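Structure file input-v2.cif (mmCIF, C-alpha atoms) is printed below.
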```cif
data_upload
loop_
_atom_site.label_atom_id
_atom_site.label_comp_id
_atom_site.auth_asym_id
_atom_site.auth_seq_id
_atom_site.Cartn_x
_atom_site.Cartn_y
_atom_site.Cartn_z
CA MET A 25 103.64 71.29 117.41
CA ALA A 26 101.83 74.55 118.09
CA SER A 27 98.03 74.39 118.06
CA SER A 28 96.58 76.05 114.97
CA ALA A 29 94.43 79.15 115.06
CA LEU A 30 91.62 77.15 113.44
CA SER A 31 91.81 74.50 116.14
CA ARG A 32 91.73 77.13 118.85
CA LEU A 33 88.73 78.80 117.27
CA SER A 34 86.99 75.45 116.98
CA ASN A 35 87.52 74.81 120.67
CA LEU A 36 86.25 78.30 121.43
CA HIS A 37 83.21 78.02 119.15
CA GLY A 38 80.87 77.52 122.07
CA HIS A 39 82.25 80.60 123.74
CA LEU A 40 81.07 82.99 121.06
CA GLN A 41 78.37 85.36 122.24
CA PRO A 42 77.92 83.89 125.73
CA SER A 43 74.74 84.89 127.55
CA SER A 44 76.38 87.64 129.58
CA SER A 45 77.51 86.65 133.05
CA SER A 46 74.97 83.81 133.24
CA SER A 47 77.45 81.59 131.44
CA MET A 48 80.17 82.05 134.00
CA GLY A 49 79.12 79.28 136.34
CA SER A 50 78.07 76.81 133.70
CA ASN A 51 79.62 73.39 133.23
CA ASP A 52 80.54 73.99 129.58
CA GLY A 53 83.44 76.24 130.57
CA ARG A 54 82.41 79.24 128.47
CA LEU A 55 84.80 81.98 129.50
CA ILE A 56 85.50 84.07 126.42
CA LYS A 57 83.66 85.96 123.71
CA ILE A 58 85.09 86.63 120.24
CA SER A 59 83.24 89.00 117.93
CA SER A 60 81.89 87.35 114.79
CA GLU A 61 84.04 89.63 112.61
CA ILE A 62 87.26 88.65 114.38
CA SER A 63 86.32 84.96 114.55
CA ASP A 64 85.65 84.87 110.82
CA ALA A 65 88.86 86.75 110.03
CA LEU A 66 91.00 84.39 112.09
CA SER A 67 89.41 81.30 110.58
CA ARG A 68 90.16 82.66 107.10
CA GLY A 69 93.71 83.74 107.86
CA ARG A 70 92.95 87.44 107.45
CA PRO A 71 95.15 90.03 109.22
CA VAL A 72 94.06 90.95 112.74
CA VAL A 73 95.72 93.34 115.20
CA ALA A 74 95.10 93.13 118.95
CA LEU A 75 94.66 96.31 121.00
CA GLU A 76 94.70 96.80 124.76
CA SER A 77 91.98 98.65 126.71
CA THR A 78 93.96 100.14 129.61
CA ILE A 79 94.76 103.23 127.53
CA ILE A 80 91.01 103.76 127.08
CA CYS A 81 90.16 103.52 130.77
CA HIS A 82 93.31 104.83 132.43
CA GLY A 83 95.16 106.78 129.74
CA MET A 84 92.96 109.81 129.08
CA PRO A 85 89.61 111.38 129.97
CA TYR A 86 86.26 110.90 128.24
CA PRO A 87 85.44 111.63 125.42
CA GLN A 88 89.05 111.91 124.22
CA ASN A 89 89.63 108.26 125.11
CA LEU A 90 86.70 107.10 122.98
CA GLU A 91 87.72 109.26 120.02
CA THR A 92 91.30 107.98 120.21
CA ALA A 93 90.14 104.35 120.38
CA LYS A 94 87.91 104.87 117.34
CA GLN A 95 90.71 106.60 115.42
CA VAL A 96 93.24 103.85 116.16
CA GLU A 97 90.78 101.17 115.06
CA ALA A 98 90.05 103.17 111.89
CA ILE A 99 93.77 103.47 111.13
CA ILE A 100 94.18 99.70 111.39
CA ARG A 101 91.23 99.12 109.07
CA SER A 102 92.48 101.67 106.54
CA ASN A 103 95.78 99.79 106.39
CA GLY A 104 94.16 96.47 105.55
CA ALA A 105 93.80 94.73 108.92
CA LEU A 106 91.02 94.28 111.47
CA PRO A 107 91.27 95.72 115.00
CA ALA A 108 90.52 93.46 117.96
CA THR A 109 90.32 95.54 121.12
CA ILE A 110 90.41 93.28 124.17
CA ALA A 111 88.74 93.82 127.54
CA ILE A 112 86.82 91.98 130.26
CA LEU A 113 83.15 92.96 130.47
CA ASP A 114 80.90 91.62 133.23
CA GLY A 115 83.42 88.86 133.88
CA VAL A 116 83.69 87.80 130.22
CA PRO A 117 86.97 88.31 128.33
CA CYS A 118 86.02 89.88 125.00
CA VAL A 119 88.14 89.88 121.85
CA GLY A 120 86.86 92.48 119.40
CA LEU A 121 84.58 95.15 120.84
CA SER A 122 81.52 96.84 119.36
CA PHE A 123 81.18 100.62 119.40
CA GLU A 124 78.77 100.32 122.31
CA GLU A 125 81.28 98.28 124.29
CA LEU A 126 84.07 100.77 123.53
CA GLU A 127 81.82 103.62 124.62
CA ARG A 128 80.92 101.81 127.83
CA LEU A 129 84.58 101.35 128.72
CA ALA A 130 85.39 104.95 127.85
CA LYS A 131 82.60 106.32 130.06
CA LEU A 132 83.45 104.04 132.99
CA GLY A 133 87.09 105.09 132.78
CA SER A 134 89.12 104.47 135.92
CA GLN A 135 86.20 102.61 137.51
CA VAL A 136 87.32 99.68 135.33
CA GLN A 137 89.95 97.51 137.01
CA LYS A 138 93.40 97.76 135.42
CA THR A 139 93.97 94.08 134.64
CA ALA A 140 97.37 92.43 134.18
CA ARG A 141 97.78 88.65 133.86
CA ARG A 142 97.75 88.18 137.64
CA ASP A 143 94.35 89.91 137.88
CA ILE A 144 92.49 87.98 135.17
CA ALA A 145 91.10 85.18 137.34
CA ARG A 146 89.97 87.59 140.06
CA VAL A 147 88.18 89.96 137.67
CA VAL A 148 86.50 87.10 135.81
CA ALA A 149 85.50 85.28 139.01
CA LYS A 150 83.93 88.46 140.41
CA ARG A 151 82.20 89.13 137.07
CA GLY A 152 83.86 92.51 136.98
CA ASN A 153 85.10 94.80 134.24
CA GLY A 154 88.78 94.74 133.33
CA ALA A 155 90.94 97.00 131.18
CA THR A 156 93.67 94.78 129.79
CA THR A 157 97.33 95.76 130.07
CA VAL A 158 100.12 94.53 127.79
CA SER A 159 100.50 91.22 129.64
CA SER A 160 96.80 90.29 129.72
CA THR A 161 96.20 91.47 126.15
CA MET A 162 99.08 89.27 124.97
CA TYR A 163 97.61 86.32 126.86
CA PHE A 164 94.15 86.61 125.28
CA ALA A 165 95.57 87.41 121.83
CA SER A 166 97.70 84.27 121.91
CA MET A 167 94.76 82.25 123.20
CA VAL A 168 92.75 82.94 120.04
CA GLY A 169 95.64 83.03 117.55
CA ILE A 170 96.31 86.75 117.04
CA ALA A 171 100.03 87.19 116.33
CA VAL A 172 100.36 91.00 116.26
CA PHE A 173 99.52 93.43 119.08
CA VAL A 174 99.85 97.22 118.95
CA THR A 175 100.29 99.38 122.04
CA GLY A 176 101.87 102.71 122.99
CA GLY A 177 104.75 101.52 125.15
CA ILE A 178 105.64 98.59 127.35
CA GLY A 179 106.38 98.52 131.06
CA GLY A 180 109.82 97.58 132.25
CA VAL A 181 112.30 97.54 135.11
CA HIS A 182 111.75 100.61 137.29
CA ARG A 183 114.66 102.74 138.38
CA HIS A 184 116.31 101.19 141.43
CA GLY A 185 114.52 97.97 140.48
CA GLU A 186 117.58 96.01 141.59
CA HIS A 187 116.54 96.97 145.13
CA THR A 188 112.74 97.16 144.89
CA MET A 189 112.18 94.29 142.41
CA ASP A 190 109.61 96.55 140.71
CA ILE A 191 109.52 94.85 137.32
CA SER A 192 106.53 94.97 134.98
CA SER A 193 104.77 91.71 134.17
CA ASP A 194 104.91 92.86 130.53
CA LEU A 195 108.49 91.58 130.43
CA THR A 196 107.78 88.11 131.75
CA GLU A 197 104.77 87.85 129.43
CA LEU A 198 107.02 88.62 126.49
CA GLY A 199 109.20 85.76 127.68
CA ARG A 200 106.41 83.17 127.58
CA THR A 201 103.71 84.26 125.12
CA PRO A 202 104.32 84.12 121.34
CA VAL A 203 102.82 87.45 120.29
CA ALA A 204 104.66 90.28 118.53
CA VAL A 205 104.26 93.57 120.41
CA VAL A 206 104.59 96.75 118.35
CA SER A 207 105.40 99.66 120.65
CA ALA A 208 107.42 102.87 120.90
CA GLY A 209 109.78 101.26 123.37
CA ALA A 210 109.62 101.94 127.10
CA LYS A 211 109.16 105.28 128.87
CA SER A 212 112.34 106.79 130.20
CA ILE A 213 110.85 106.96 133.68
CA LEU A 214 111.99 103.33 133.61
CA ASP A 215 115.48 101.86 133.64
CA ILE A 216 115.81 101.10 129.94
CA PRO A 217 119.23 99.37 130.03
CA ARG A 218 118.03 96.98 132.76
CA THR A 219 114.73 96.50 130.91
CA LEU A 220 116.65 95.32 127.84
CA GLU A 221 118.88 93.10 129.98
CA TYR A 222 115.80 91.51 131.54
CA LEU A 223 114.28 90.88 128.10
CA GLU A 224 117.51 89.20 127.04
CA THR A 225 117.32 86.94 130.08
CA GLN A 226 113.75 86.07 129.09
CA GLY A 227 114.92 85.12 125.60
CA VAL A 228 112.94 87.89 123.89
CA CYS A 229 114.08 89.17 120.50
CA VAL A 230 114.03 92.98 120.55
CA ALA A 231 113.95 94.50 117.06
CA ALA A 232 114.16 98.22 116.32
CA TYR A 233 112.20 99.45 113.33
CA GLY A 234 114.25 101.51 110.88
CA THR A 235 117.06 102.12 113.36
CA ASN A 236 119.63 100.30 115.44
CA GLU A 237 118.73 102.06 118.68
CA PHE A 238 115.95 101.29 121.14
CA PRO A 239 113.47 104.20 121.30
CA ALA A 240 112.46 105.80 124.61
CA PHE A 241 108.75 106.31 123.95
CA PHE A 242 108.60 110.13 123.74
CA THR A 243 112.03 110.34 122.09
CA GLU A 244 113.56 108.50 119.15
CA LYS A 245 116.68 107.37 120.97
CA SER A 246 117.56 105.93 124.36
CA GLY A 247 121.30 105.44 123.89
CA CYS A 248 120.82 101.63 123.93
CA LYS A 249 121.64 99.56 120.86
CA VAL A 250 119.53 96.55 119.89
CA PRO A 251 120.64 93.18 118.50
CA CYS A 252 118.14 93.11 115.63
CA CYS A 253 117.07 95.72 113.09
CA VAL A 254 114.06 95.53 110.79
CA ASP A 255 113.45 98.05 108.03
CA THR A 256 110.10 97.04 106.53
CA PRO A 257 106.81 95.38 107.52
CA GLU A 258 107.94 92.41 105.43
CA ASP A 259 111.06 92.06 107.58
CA CYS A 260 108.89 92.05 110.69
CA ALA A 261 106.47 89.50 109.24
CA ARG A 262 109.32 87.11 108.39
CA LEU A 263 110.72 87.48 111.91
CA ILE A 264 107.33 86.70 113.47
CA ASP A 265 106.71 83.76 111.14
CA VAL A 266 110.07 82.17 111.93
CA ASN A 267 109.57 82.71 115.66
CA LEU A 268 106.25 80.85 115.47
CA LYS A 269 107.46 78.10 113.14
CA LEU A 270 110.38 77.33 115.45
CA SER A 271 107.99 77.21 118.43
CA LEU A 272 110.36 79.35 120.49
CA GLY A 273 107.51 80.13 122.85
CA THR A 274 108.50 83.76 123.37
CA GLY A 275 107.10 87.03 122.15
CA LEU A 276 108.83 89.61 120.00
CA LEU A 277 109.22 93.30 120.74
CA ILE A 278 109.20 95.53 117.66
CA ALA A 279 110.24 99.00 118.81
CA VAL A 280 109.07 101.83 116.55
CA PRO A 281 110.52 105.32 117.17
CA ILE A 282 108.15 108.23 117.65
CA PRO A 283 107.63 110.04 114.29
CA LYS A 284 110.17 112.77 113.61
CA GLU A 285 107.50 115.46 113.39
CA HIS A 286 106.64 114.77 117.02
CA ALA A 287 110.22 114.40 118.23
CA ALA A 288 110.57 118.07 119.23
CA SER A 289 107.60 117.87 121.59
CA GLY A 290 108.96 114.53 122.69
CA SER A 291 112.17 116.20 123.81
CA SER A 292 110.26 118.70 125.97
CA VAL A 293 108.32 115.81 127.49
CA GLU A 294 111.59 114.06 128.26
CA SER A 295 112.80 117.14 130.13
CA ALA A 296 109.60 117.16 132.15
CA ILE A 297 110.09 113.48 133.00
CA GLN A 298 113.54 114.17 134.39
CA ARG A 299 112.21 117.05 136.48
CA ALA A 300 109.31 114.94 137.77
CA LEU A 301 111.68 112.14 138.74
CA GLN A 302 113.84 114.61 140.64
CA GLU A 303 110.77 115.93 142.47
CA ALA A 304 109.76 112.38 143.36
CA ARG A 305 113.19 111.70 144.83
CA GLU A 306 113.15 114.96 146.80
CA SER A 307 109.69 114.16 148.18
CA ASN A 308 110.70 110.57 148.95
CA ILE A 309 107.91 109.20 146.75
CA LYS A 310 108.70 105.55 146.04
CA GLY A 311 107.23 102.22 145.05
CA SER A 312 103.76 102.02 143.54
CA ALA A 313 103.17 105.73 144.20
CA GLU A 314 106.07 106.86 142.03
CA THR A 315 104.73 106.16 138.54
CA PRO A 316 101.31 107.84 139.02
CA PHE A 317 103.04 110.86 140.57
CA VAL A 318 105.57 111.17 137.74
CA LEU A 319 103.00 110.76 134.94
CA THR A 320 100.66 113.32 136.53
CA ARG A 321 103.48 115.82 136.96
CA VAL A 322 104.71 115.31 133.40
CA ASN A 323 101.27 116.07 132.02
CA GLU A 324 101.10 119.19 134.20
CA LEU A 325 104.58 120.38 133.29
CA THR A 326 104.00 119.95 129.56
CA GLY A 327 100.54 121.48 129.51
CA GLY A 328 99.10 118.26 128.10
CA ALA A 329 101.83 117.81 125.45
CA SER A 330 102.78 114.40 126.84
CA LEU A 331 99.29 113.08 126.12
CA ALA A 332 99.36 114.50 122.58
CA SER A 333 102.70 112.79 121.92
CA ASN A 334 101.35 109.56 123.39
CA ILE A 335 98.39 109.61 121.01
CA ALA A 336 100.61 110.45 118.02
CA LEU A 337 103.00 107.56 118.61
CA LEU A 338 100.10 105.17 119.27
CA LYS A 339 98.58 106.03 115.90
CA ASN A 340 101.97 105.57 114.21
CA ASN A 341 102.36 102.17 115.87
CA ALA A 342 98.89 101.26 114.58
CA VAL A 343 99.96 102.00 111.01
CA VAL A 344 103.11 99.89 111.33
CA GLY A 345 101.36 97.08 113.19
CA ALA A 346 98.56 96.82 110.63
CA LYS A 347 101.06 96.66 107.76
CA ILE A 348 102.98 93.93 109.59
CA ALA A 349 99.79 91.92 110.12
CA VAL A 350 98.91 92.24 106.43
CA CYS A 351 102.38 91.06 105.38
CA LEU A 352 102.21 88.16 107.82
CA ALA A 353 98.84 87.05 106.43
CA GLN A 354 100.20 87.27 102.88
CA LEU A 355 103.28 85.30 103.86
CA ARG A 356 101.20 82.52 105.37
CA GLY A 357 98.68 82.47 102.54
CA PRO A 358 94.85 82.38 102.52
CA GLY A 359 93.22 80.21 105.16
CA HIS A 360 96.44 79.71 107.10
CA GLU A 361 95.78 77.66 110.22
CA GLY A 362 98.98 78.44 112.12
CA GLY A 363 101.26 75.70 113.37
CA LEU A 364 104.39 74.40 111.66
CA SER A 365 105.02 74.01 107.97
CA GLU A 366 105.88 70.70 106.35
CA ALA A 367 109.55 71.62 106.08
CA PRO A 368 111.66 74.35 107.63
CA TYR A 369 113.29 76.92 105.41
CA LEU A 370 115.68 79.85 105.67
CA TYR A 371 114.76 83.50 105.32
CA ALA A 372 117.10 86.19 104.07
CA GLY A 373 116.73 89.91 104.39
CA LEU A 374 116.77 90.75 108.10
CA SER A 375 119.22 93.50 108.84
CA ASN A 376 122.18 93.31 111.17
CA CYS A 377 122.65 96.29 113.43
CA ARG A 378 124.45 99.09 111.69
#
```
Using structure tokens, write down the structure from this file.
Amino acid sequence: MASSALSRLSNLHGHLQPSSSSSMGSNDGRLIKISSEISDALSRGRPVVALESTIICHGMPYPQNLETAKQVEAIIRSNGALPATIAILDGVPCVGLSFEELERLAKLGSQVQKTARRDIARVVAKRGNGATTVSSTMYFASMVGIAVFVTGGIGGVHRHGEHTMDISSDLTELGRTPVAVVSAGAKSILDIPRTLEYLETQGVCVAAYGTNEFPAFFTEKSGCKVPCCVDTPEDCARLIDVNLKLSLGTGLLIAVPIPKEHAASGSSVESAIQRALQEARESNIKGSAETPFVLTRVNELTGGASLASNIALLKNNAVVGAKIAVCLAQLRGPGHEGGLSEAPYLYAGLSNCR
């Protein structure tokens, strides 16, 4: 039986508000800090949405990064849920950041270590600062009982990944951590068909929101169909609830297309991506150098339009994710502790692909 959110919070009670990095070497094992607002919300079964911090530190310059972070948190609040931005500060994983902590991350920017699951122990042990990626944010969200996580887009299998084995840890995390990730799909600089094949191998349910086609981040369509379609936040909440009740042990990917009003700019961004990829091939830029090169060139080629589209789809995902979290909390009822119900039951209403 899955551990309840209340039980997890009880075990983590001593971790709340640790005395900075002085707690790191103590014998009581205090390794995490949860804001009082988020702790209270989780213990009462209120809707909470996890947010990553890599987009703050590595996605855009200051002060635009801080303004975007504040706006996304405000959107989640205005739609009835509480935002829990996650980061590692002075070696302490933090769930739910204050304005001062957000501002600190935003000002430090790329000085903060980009932290995937593999990097967590190193950053914590060195008492460093870490900007959480999809994989590490999922890990910490699951650890404290947050079921819904909003991001811009996930990583995936890189082009020619069958030769380089360049596969994002986001995909393996989705295969082992029961958190629903709300994103705009995967960027088309990646190999989307192989990304979806890899997710299938990992046993991850991929659901497209309001469509039967997997979105490609900047554009509404990728040409790849998905096995599951969800049309409303209620559909998503039921899917998440069943996944948790059956203890499948995997995450869910809810893919939300970029809003139509931003699709035109998304198309121009897509053209820039294709040109940047061609330039990378012609310059023999490969491996870990390819993605930074392509993203930099795309921003240059679009005159900053790619960043504007990124922010727009992130805000849209925040709206959808918050509504899903609210529906999930209502479905579970006040004071829900997680875990399994007394008796299993069948849900109706999820759409088959059209």
| field | Nearby residues (only C-alpha atoms) at most 6 Å from Val172 (chain A), same-chain spacing under 6 positions excluded, as JSON, numbers by chain | value | {"A": [73, 203, 204]}
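Considering all atoms listed in the file, the residue among A:Leu132, A:Leu126, A:Val174, A:Ile144 positioned nearest to Lys347 (chain A) is A:Val174.
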| said: As an exercise, work out the distance from CA of His182 (chain A) to CA of Val318 (chain A) in Å and give it to one decimal place. | reply: 12.2 Å
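Minimum distance to Gly69 (chain A) across A:Ala279, A:Ile56, A:Ala140, A:Ala349 (counting all atoms listed in the file) occurs at A:Ala349.
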Can you give me, as a short mmCIF file (atom, residue, chain, number, x, y, z; two decimals) with C-alpha atoms, in the coordinates of the input, the residues this file yields under the PyMOL selection byres ((chain A and resi 83) around 12)?
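Output file result-v8.cif follows:
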```cif
data_model
loop_
_atom_site.label_atom_id
_atom_site.label_comp_id
_atom_site.auth_asym_id
_atom_site.auth_seq_id
_atom_site.Cartn_x
_atom_site.Cartn_y
_atom_site.Cartn_z
CA GLU A 76 94.70 96.80 124.76
CA SER A 77 91.98 98.65 126.71
CA THR A 78 93.96 100.14 129.61
CA ILE A 79 94.76 103.23 127.53
CA ILE A 80 91.01 103.76 127.08
CA CYS A 81 90.16 103.52 130.77
CA HIS A 82 93.31 104.83 132.43
CA MET A 84 92.96 109.81 129.08
CA PRO A 85 89.61 111.38 129.97
CA TYR A 86 86.26 110.90 128.24
CA PRO A 87 85.44 111.63 125.42
CA GLN A 88 89.05 111.91 124.22
CA ASN A 89 89.63 108.26 125.11
CA LEU A 90 86.70 107.10 122.98
CA THR A 92 91.30 107.98 120.21
CA ALA A 93 90.14 104.35 120.38
CA LEU A 129 84.58 101.35 128.72
CA ALA A 130 85.39 104.95 127.85
CA GLY A 133 87.09 105.09 132.78
CA SER A 134 89.12 104.47 135.92
CA VAL A 136 87.32 99.68 135.33
CA LYS A 138 93.40 97.76 135.42
CA ALA A 155 90.94 97.00 131.18
CA THR A 157 97.33 95.76 130.07
CA THR A 175 100.29 99.38 122.04
CA GLY A 176 101.87 102.71 122.99
CA GLY A 177 104.75 101.52 125.15
CA PRO A 316 101.31 107.84 139.02
CA LEU A 319 103.00 110.76 134.94
CA THR A 320 100.66 113.32 136.53
CA ASN A 323 101.27 116.07 132.02
CA SER A 330 102.78 114.40 126.84
CA LEU A 331 99.29 113.08 126.12
CA ALA A 332 99.36 114.50 122.58
CA ASN A 334 101.35 109.56 123.39
CA ILE A 335 98.39 109.61 121.01
CA LEU A 338 100.10 105.17 119.27
#
```
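Relative to CA of Leu337 (chain A), CA of Ala287 (chain A) is found at 10.0 Å.
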| task | Write out as a list in words each polymer residue whose atoms come within 8 Å of Pro257 (chain A), counting only C-alpha atoms; drop sequence neighbours fewer than 4 positions from it. | result | Ala261, Val344, Lys347, Ile348 and Cys351 of chain A
For the residues in the current selection, export C-alpha atoms as a PDB file, in the coordinates of the input.
```
ATOM      1  CA  ALA A 261     106.470  89.500 109.240  1.00  0.00           C
ATOM      2  CA  VAL A 344     103.110  99.890 111.330  1.00  0.00           C
ATOM      3  CA  LYS A 347     101.060  96.660 107.760  1.00  0.00           C
ATOM      4  CA  ILE A 348     102.980  93.930 109.590  1.00  0.00           C
ATOM      5  CA  CYS A 351     102.380  91.060 105.380  1.00  0.00           C
TER       6      CYS A 351
END
```
| field | Residues returned when the PyMOL selection byres ((chain A and resi 217) around 12) runs on this file, as number ranges by chain | value | A: 180-185, 209-216, 218-224, 237-240, 246-250
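Distance-wise, CA of Ala346 (chain A) and CA of Asn103 (chain A) end up 5.9 Å apart.
Close contacts of Gln298 (chain A), defined as residues with an atom at most 10 Å away when counting all atoms listed in the file, with chain neighbours fewer than 3 positions off set aside, comprise Ser212, Ile213, Val293, Glu294, Ser295, Leu301, Gln302, Glu303, Ala304, Val318 and Val322 of chain A.
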Need the axis-aligned box for region 113-131 of chain A with 8 Å each side, so what are the centre and edges in Å to one decimal, as AutoDock Vina command-line options?
```
--center_x 83.5 --center_y 97.1 --center_z 126.6 --size_x 25.4 --size_y 34.5 --size_z 30.5
```
| query | So which residues touch Ile58 (chain A) within 7 Å, counting all atoms listed in the file, skipping near sequence neighbours fewer than 4 positions away, as a list in words? | reply | Leu40, Ile62, Ser63, Cys118, Val119 and Gly120 of chain A
Any chance you could export the current selection's C-alpha atoms as a short mmCIF file (atom, residue, chain, number, x, y, z; two decimals), in the coordinates of the input?
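The result, written out as part-v9.cif:
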```cif
data_model
loop_
_atom_site.label_atom_id
_atom_site.label_comp_id
_atom_site.auth_asym_id
_atom_site.auth_seq_id
_atom_site.Cartn_x
_atom_site.Cartn_y
_atom_site.Cartn_z
CA LEU A 40 81.07 82.99 121.06
CA ILE A 62 87.26 88.65 114.38
CA SER A 63 86.32 84.96 114.55
CA CYS A 118 86.02 89.88 125.00
CA VAL A 119 88.14 89.88 121.85
CA GLY A 120 86.86 92.48 119.40
#
```
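Near Leu198 (chain A), within a cut-off of 10 Å and counting all atoms listed in the file, sit the residues Val158, Ser159, Met162, Tyr163, Ser193, Val203, Ala204, Val205, Leu223, Gln226, Gly227, Val228, Cys229, Gly273, Thr274, Gly275, Leu276 and Leu277 of chain A, with same-chain residues fewer than 5 positions away left out.
Distances here use all atoms listed in the file; by that measure, the residue among A:Cys253, A:Glu124, A:Leu66, A:Arg142 closest to Ala165 (chain A) is A:Leu66.
Nearest residue to Ile100 (chain A), choosing from A:Pro71, A:Gly357, A:Gly154, A:Pro202 and counting all atoms listed in the file: A:Pro71.
Taking all atoms listed in the file into account, Glu314 (chain A) lies nearest to A:Ala300 out of the set A:Thr256, A:Gly152, A:Val230, A:Ala300.
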